[in-house]
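Undergrad: Sharing input.txt, compact mmCIF, C-alpha atoms:
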# COMPACT_ATOMS: atom_id res chain seq x y z
CA MET A 1418 5.86 12.42 104.71
CA LEU A 1419 4.95 15.03 107.27
CA THR A 1420 7.07 15.57 110.37
CA ASP A 1421 5.65 15.17 113.87
CA SER A 1422 5.79 18.94 114.29
CA GLN A 1423 3.84 19.51 111.06
CA ILE A 1424 1.22 16.95 112.10
CA GLN A 1425 0.86 18.63 115.49
CA GLN A 1426 0.31 22.00 113.82
CA LEU A 1427 -2.24 20.50 111.39
CA GLN A 1428 -4.02 18.89 114.35
CA ILE A 1429 -4.42 22.32 115.93
CA HIS A 1430 -6.10 23.55 112.74
CA VAL A 1431 -8.38 20.50 112.70
CA ASN A 1432 -9.28 21.03 116.36
CA ASN A 1433 -10.15 24.65 115.54
CA GLY A 1434 -12.18 23.66 112.46
CA ASP A 1435 -9.95 25.94 110.38
CA ALA A 1436 -9.82 24.45 106.89
CA LEU A 1437 -8.02 27.46 105.42
CA ALA A 1438 -5.16 27.16 107.90
CA TYR A 1439 -5.12 23.37 107.50
CA TYR A 1440 -4.69 23.44 103.73
CA GLN A 1441 -2.20 26.32 103.96
CA GLY A 1442 -0.27 24.16 106.42
CA LEU A 1443 -0.17 21.36 103.86
CA ILE A 1444 1.10 23.79 101.22
CA ASP A 1445 3.74 25.11 103.62
CA ALA A 1446 4.82 21.50 104.26
CA GLY A 1447 5.27 20.98 100.51
CA VAL A 1448 2.09 18.93 99.99
CA ALA A 1449 0.69 19.98 96.61
CA TYR A 1450 -2.77 18.58 97.44
CA GLY A 1451 -3.13 21.52 99.82
CA HIS A 1452 -3.74 23.77 96.81
CA LEU A 1453 -6.84 21.79 95.81
CA GLY A 1454 -8.22 21.91 99.33
CA LEU A 1455 -7.40 25.59 99.79
CA GLY A 1456 -9.23 26.49 96.59
CA ALA A 1457 -12.38 24.80 97.85
CA ALA A 1458 -12.07 25.90 101.48
CA SER A 1459 -11.58 29.53 100.42
CA ASP A 1460 -14.51 29.28 98.00
CA GLY A 1461 -12.27 30.32 95.14
CA ASN A 1462 -10.54 33.17 96.93
CA SER A 1463 -7.10 31.73 97.73
CA GLY A 1464 -5.23 33.87 95.21
CA ASN A 1465 -4.09 30.84 93.20
CA PRO A 1466 -6.01 30.96 89.88
CA LEU A 1467 -5.89 27.21 89.22
CA ALA A 1468 -6.87 26.29 92.78
CA ASP A 1469 -9.55 28.96 92.78
CA PHE A 1470 -11.10 27.72 89.55
CA GLY A 1471 -11.20 24.18 90.93
CA GLY A 1472 -12.49 25.35 94.30
CA THR A 1473 -15.28 27.43 92.81
CA PHE A 1474 -16.26 24.56 90.51
CA ALA A 1475 -16.20 22.07 93.40
CA ASN A 1476 -18.33 24.23 95.69
CA ASN A 1477 -20.86 25.13 92.99
CA PHE A 1478 -21.14 21.45 92.04
CA LEU A 1479 -21.60 20.38 95.67
CA GLU A 1480 -24.21 23.02 96.31
CA ALA A 1481 -26.13 22.15 93.12
CA LYS A 1482 -26.19 18.44 93.98
CA PHE A 1483 -27.19 19.23 97.56
CA SER A 1484 -30.04 21.39 96.31
CA GLU A 1485 -31.19 18.63 93.92
CA THR A 1486 -31.25 16.16 96.80
CA HIS A 1487 -32.66 18.33 99.59
CA GLY A 1488 -34.72 20.88 97.68
CA ARG A 1489 -32.99 23.82 99.34
CA ALA A 1490 -29.67 25.63 99.50
CA MET A 1491 -26.93 24.45 101.82
CA LEU A 1492 -26.66 26.30 105.09
CA GLU A 1493 -23.30 27.77 106.07
CA SER A 1494 -23.23 25.38 109.05
CA GLU A 1495 -23.57 22.44 106.63
CA LYS A 1496 -20.72 23.75 104.48
CA GLN A 1497 -18.58 24.11 107.61
CA ALA A 1498 -19.44 20.54 108.63
CA VAL A 1499 -18.18 19.35 105.23
CA ARG A 1500 -14.94 21.33 105.61
CA GLU A 1501 -14.37 20.03 109.14
CA GLY A 1502 -15.14 16.46 108.15
CA LEU A 1503 -12.75 16.61 105.22
CA ILE A 1504 -9.79 18.06 107.11
CA THR A 1505 -10.28 15.56 109.93
CA ALA A 1506 -10.36 12.65 107.50
CA ASP A 1507 -7.42 14.01 105.52
CA LEU A 1508 -5.22 14.35 108.59
CA ASN A 1509 -6.15 10.84 109.74
CA LEU A 1510 -5.08 9.50 106.35
CA ARG A 1511 -1.80 11.42 106.40
CA GLN A 1512 -1.01 10.18 109.92
CA LEU A 1513 -1.43 6.62 108.65
CA GLY A 1514 0.81 7.39 105.67
CA GLU A 1515 -1.79 5.98 103.29
CA VAL A 1516 -2.39 8.91 100.96
CA THR A 1517 -3.62 7.56 97.65
CA GLY A 1518 -6.21 8.76 95.19
CA LYS A 1519 -8.49 5.90 96.19
CA ASN A 1520 -8.22 6.73 99.90
CA ILE A 1521 -8.82 10.43 99.30
CA ARG A 1522 -11.88 9.57 97.21
CA ASP A 1523 -13.14 7.17 99.86
CA TYR A 1524 -12.91 9.68 102.70
CA HIS A 1525 -14.73 12.30 100.61
CA HIS A 1526 -17.50 9.80 99.98
CA ASP A 1527 -17.62 8.82 103.66
CA VAL A 1528 -17.79 12.43 104.86
CA PHE A 1529 -20.45 13.37 102.33
CA GLU A 1530 -22.62 10.35 103.00
CA GLY A 1531 -22.22 10.82 106.77
CA LEU A 1532 -23.71 14.30 106.31
CA ASP A 1533 -26.57 13.02 104.12
CA ILE A 1534 -24.97 14.37 100.96
CA PRO A 1535 -24.73 12.01 98.00
CA LYS A 1536 -21.20 10.95 97.12
CA ALA A 1537 -21.93 12.09 93.57
CA ALA A 1538 -21.84 15.66 94.94
CA TRP A 1539 -18.05 15.42 95.20
CA THR A 1540 -16.45 16.67 91.99
CA GLY A 1541 -13.83 13.92 92.08
CA THR A 1542 -16.64 11.42 91.51
CA PHE A 1543 -17.76 13.45 88.48
CA PHE A 1544 -14.26 13.12 86.99
CA ASP A 1545 -13.86 9.47 88.03
CA ASP A 1546 -17.09 8.60 86.21
CA ARG A 1547 -16.11 10.43 83.03
CA LEU A 1548 -12.32 10.34 82.77
CA GLY A 1549 -11.40 7.29 84.84
CA PRO A 1550 -10.43 6.60 88.43
CA TYR A 1551 -8.38 9.29 90.16
CA SER A 1552 -8.03 11.45 87.02
CA TRP A 1553 -8.53 14.47 89.33
CA CYS A 1554 -5.58 13.43 91.48
CA TRP A 1555 -2.63 14.96 89.67
CA VAL A 1556 -1.30 16.34 92.96
CA CYS A 1557 -1.93 13.40 95.27
Now that the file is in, can you turn its structure into structure tokens?
TA:
Amino acid sequence: MLTDSQIQQLQIHVNNGDALAYYQGLIDAGVAYGHLGLGAASDGNSGNPLADFGGTFANNFLEAKFSETHGRAMLESEKQAVREGLITADLNLRQLGEVTGKNIRDYHHDVFEGLDIPKAAWTGTFFDDRLGPYSWCWVC
């Protein structure tokens, strides 16, 4: 569970739209899930090989699915909207103390669909469909 001080600091990062600082804040607070988010938010340049592999895979998968759906590449502003939506939803979940694989999956789906991106563009859905529910969530 995060402290009030940690939540306040994470809220500052959310308000600033700074996904890198948000996920680093989770890592600094001892939340292993921060590594997954940092890998994606840094586009595979966090310095953590496992997180970077996952982040690169996640972003390439998202961009390929987006292109299939929209017939064009994602704009940087659309990628930023995804990052901002995800950190906002993640912090809301953590403030409620309801961090589960299902809830993380659901907020990814909600953010994606709210931005007109199919939920299948989230790599967690890819793994859910092939390996079983929440198989991607070893650090939740």
Undergrad: Enumerate, in order of chain and increasing residue number, the residues of stretch 1441-1479 of chain A with an atom no farther than 12 Å from stretch 1515-1538 of chain A, each with its shortest atom pair and distance in Å to one decimal, counting all atoms listed in the file, as JSON lines.
TA:
{"residue": "A:Val1448", "atom": "CA", "partner": "A:Val1516", "partner_atom": "CA", "distance": 11.0}
{"residue": "A:Tyr1450", "atom": "CA", "partner": "A:Val1516", "partner_atom": "CA", "distance": 10.3}
{"residue": "A:Gly1454", "atom": "CA", "partner": "A:Ile1521", "partner_atom": "CA", "distance": 11.5}
{"residue": "A:Phe1474", "atom": "CA", "partner": "A:Ala1538", "partner_atom": "CA", "distance": 11.4}
{"residue": "A:Ala1475", "atom": "CA", "partner": "A:Ala1538", "partner_atom": "CA", "distance": 8.7}
{"residue": "A:Asn1476", "atom": "CA", "partner": "A:Ala1538", "partner_atom": "CA", "distance": 9.3}
{"residue": "A:Asn1477", "atom": "CA", "partner": "A:Ala1538", "partner_atom": "CA", "distance": 9.7}
{"residue": "A:Phe1478", "atom": "CA", "partner": "A:Ala1538", "partner_atom": "CA", "distance": 6.5}
{"residue": "A:Leu1479", "atom": "CA", "partner": "A:Ala1538", "partner_atom": "CA", "distance": 4.8}
Undergrad: Which is closer to A:Ala1446 than all the others in A:Ser1484, A:Met1418, A:Gly1461, A:Asn1433, using all atoms listed in the file?
TA: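 That would be A:Met1418, the residue with the smallest distance to A:Ala1446.
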Undergrad: Have a look at A:Ala1490, A:Ala1458, A:Ala1468, A:Leu1513 and name the one nearest to A:Asp1435; count all atoms listed in the file.
TA: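 For A:Asp1435, the nearest of the candidates is A:Ala1458.
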Undergrad: Just to confirm, what's the straight-line distance from atom CA of A:Leu1437 to atom CA of A:Trp1555 in Å (one decimal)?
TA: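 Atom CA of A:Trp1555 lies at a distance of 20.8 Å from atom CA of A:Leu1437.
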Undergrad: Would you please work out which residue, of A:Tyr1439, A:Gly1549, A:Glu1480, A:Gln1423, is nearest to A:Leu1492 when using all atoms listed in the file?
TA: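 Looking only at the distances to A:Leu1492, the closest residue turns out to be A:Glu1480.
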Undergrad: Determine, counting only C-alpha atoms, every residue of protein, DNA or RNA that lies within 9 Å of (0.3, 21.8, 100.3) in the file coordinates, then give the result as a list in words.
TA: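 Here is the list of nearby residues: Tyr1440, Gln1441, Gly1442, Leu1443, Ile1444, Asp1445, Ala1446, Gly1447, Val1448, Ala1449, Tyr1450, Gly1451, His1452, Leu1453, Gly1454 and Leu1455 of chain A.
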Undergrad: Measure the distance from atom CA of A:Gly1541 to atom CA of A:Arg1489 in Å and round it to one decimal.
TA: 22.8 Å
Undergrad: Taking the point (-17.2, 27.2, 107.5) as given in the file, collect each protein or nucleic acid residue that comes within 12 Å of it, counting only C-alpha atoms, and present the set as a VMD selection string.
TA: chain A and resid 1433 to 1437 1457 to 1460 1491 to 1504
Undergrad: What gap, in Å, lies between atom CA of A:Asn1432 and atom CA of A:Gln1512?
TA: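 These atoms are spaced 15.1 Å apart.
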Undergrad: Where's the centre, and what are the edge lengths in Å to one decimal, of a box along x, y and z enclosing all listed atoms of stretch 1449-1464 of chain A padded 4 Å per side, as lines of an AutoDock Vina configuration file?
TA:
center_x = -6.9
center_y = 26.2
center_z = 98.3
size_x = 23.2
size_y = 23.3
size_z = 14.3
Undergrad: Between A:Ser1463, A:Thr1505, A:Thr1473, A:Ser1552, single out the one closest to A:Ile1424, counting only C-alpha atoms.
TA: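 With only C-alpha atoms as the atom set, the closest residue is A:Thr1505.
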Undergrad: Have stretch 1497-1508 of chain A completed to all heavy atoms, please, and pass it along as an mmCIF file, keeping the file's coordinate frame.
TA:
data_model
loop_
_atom_site.group_PDB
_atom_site.id
_atom_site.type_symbol
_atom_site.label_atom_id
_atom_site.label_comp_id
_atom_site.auth_asym_id
_atom_site.auth_seq_id
_atom_site.Cartn_x
_atom_site.Cartn_y
_atom_site.Cartn_z
ATOM 1 N N GLN A 1497 -19.655 24.216 106.624
ATOM 2 C CA GLN A 1497 -18.580 24.110 107.610
ATOM 3 C C GLN A 1497 -18.421 22.672 108.079
ATOM 4 O O GLN A 1497 -17.295 22.201 108.280
ATOM 5 C CB GLN A 1497 -18.840 25.053 108.801
ATOM 6 C CG GLN A 1497 -17.763 25.014 109.872
ATOM 7 C CD GLN A 1497 -16.390 25.465 109.396
ATOM 8 O OE1 GLN A 1497 -16.257 26.175 108.393
ATOM 9 N NE2 GLN A 1497 -15.351 25.041 110.103
ATOM 10 N N ALA A 1498 -19.522 21.949 108.233
ATOM 11 C CA ALA A 1498 -19.440 20.540 108.630
ATOM 12 C C ALA A 1498 -18.702 19.728 107.576
ATOM 13 O O ALA A 1498 -17.917 18.822 107.912
ATOM 14 C CB ALA A 1498 -20.841 19.975 108.874
ATOM 15 N N VAL A 1499 -18.911 20.028 106.313
ATOM 16 C CA VAL A 1499 -18.180 19.350 105.230
ATOM 17 C C VAL A 1499 -16.695 19.668 105.362
ATOM 18 O O VAL A 1499 -15.847 18.755 105.338
ATOM 19 C CB VAL A 1499 -18.709 19.758 103.840
ATOM 20 C CG1 VAL A 1499 -17.786 19.273 102.734
ATOM 21 C CG2 VAL A 1499 -20.121 19.230 103.626
ATOM 22 N N ARG A 1500 -16.355 20.943 105.504
ATOM 23 C CA ARG A 1500 -14.940 21.330 105.610
ATOM 24 C C ARG A 1500 -14.272 20.644 106.791
ATOM 25 O O ARG A 1500 -13.165 20.095 106.680
ATOM 26 C CB ARG A 1500 -14.813 22.849 105.726
ATOM 27 C CG ARG A 1500 -15.162 23.600 104.452
ATOM 28 C CD ARG A 1500 -14.821 25.084 104.535
ATOM 29 N NE ARG A 1500 -15.687 25.816 105.430
ATOM 30 C CZ ARG A 1500 -16.786 26.467 105.056
ATOM 31 N NH1 ARG A 1500 -17.175 26.473 103.799
ATOM 32 N NH2 ARG A 1500 -17.504 27.128 105.950
ATOM 33 N N GLU A 1501 -14.945 20.656 107.946
ATOM 34 C CA GLU A 1501 -14.370 20.030 109.140
ATOM 35 C C GLU A 1501 -14.217 18.529 108.969
ATOM 36 O O GLU A 1501 -13.205 17.950 109.373
ATOM 37 C CB GLU A 1501 -15.215 20.356 110.363
ATOM 38 C CG GLU A 1501 -15.106 21.807 110.783
ATOM 39 C CD GLU A 1501 -15.970 22.159 111.987
ATOM 40 O OE1 GLU A 1501 -16.456 21.239 112.688
ATOM 41 O OE2 GLU A 1501 -16.146 23.362 112.239
ATOM 42 N N GLY A 1502 -15.214 17.899 108.390
ATOM 43 C CA GLY A 1502 -15.140 16.460 108.150
ATOM 44 C C GLY A 1502 -13.993 16.097 107.226
ATOM 45 O O GLY A 1502 -13.280 15.113 107.450
ATOM 46 N N LEU A 1503 -13.803 16.905 106.188
ATOM 47 C CA LEU A 1503 -12.750 16.610 105.220
ATOM 48 C C LEU A 1503 -11.350 16.807 105.796
ATOM 49 O O LEU A 1503 -10.458 15.983 105.556
ATOM 50 C CB LEU A 1503 -12.936 17.439 103.953
ATOM 51 C CG LEU A 1503 -14.167 17.088 103.119
ATOM 52 C CD1 LEU A 1503 -14.303 18.031 101.937
ATOM 53 C CD2 LEU A 1503 -14.140 15.634 102.660
ATOM 54 N N ILE A 1504 -11.144 17.867 106.570
ATOM 55 C CA ILE A 1504 -9.790 18.060 107.110
ATOM 56 C C ILE A 1504 -9.487 17.021 108.188
ATOM 57 O O ILE A 1504 -8.343 16.572 108.308
ATOM 58 C CB ILE A 1504 -9.530 19.502 107.603
ATOM 59 C CG1 ILE A 1504 -10.437 19.927 108.738
ATOM 60 C CG2 ILE A 1504 -9.588 20.471 106.433
ATOM 61 C CD1 ILE A 1504 -10.129 21.308 109.346
ATOM 62 N N THR A 1505 -10.488 16.610 108.933
ATOM 63 C CA THR A 1505 -10.280 15.560 109.930
ATOM 64 C C THR A 1505 -9.897 14.257 109.251
ATOM 65 O O THR A 1505 -8.922 13.595 109.638
ATOM 66 C CB THR A 1505 -11.558 15.365 110.777
ATOM 67 O OG1 THR A 1505 -11.848 16.588 111.465
ATOM 68 C CG2 THR A 1505 -11.397 14.237 111.780
ATOM 69 N N ALA A 1506 -10.640 13.898 108.218
ATOM 70 C CA ALA A 1506 -10.360 12.650 107.500
ATOM 71 C C ALA A 1506 -9.014 12.717 106.782
ATOM 72 O O ALA A 1506 -8.264 11.732 106.757
ATOM 73 C CB ALA A 1506 -11.482 12.369 106.500
ATOM 74 N N ASP A 1507 -8.695 13.874 106.228
ATOM 75 C CA ASP A 1507 -7.420 14.010 105.520
ATOM 76 C C ASP A 1507 -6.245 13.838 106.479
ATOM 77 O O ASP A 1507 -5.286 13.115 106.177
ATOM 78 C CB ASP A 1507 -7.342 15.366 104.818
ATOM 79 C CG ASP A 1507 -6.136 15.458 103.907
ATOM 80 O OD1 ASP A 1507 -6.201 14.914 102.787
ATOM 81 O OD2 ASP A 1507 -5.111 16.049 104.321
ATOM 82 N N LEU A 1508 -6.325 14.480 107.636
ATOM 83 C CA LEU A 1508 -5.220 14.350 108.590
ATOM 84 C C LEU A 1508 -5.100 12.907 109.078
ATOM 85 O O LEU A 1508 -3.980 12.395 109.198
ATOM 86 C CB LEU A 1508 -5.402 15.298 109.774
ATOM 87 C CG LEU A 1508 -4.256 15.273 110.794
ATOM 88 C CD1 LEU A 1508 -2.908 15.583 110.143
ATOM 89 C CD2 LEU A 1508 -4.534 16.229 111.928
#
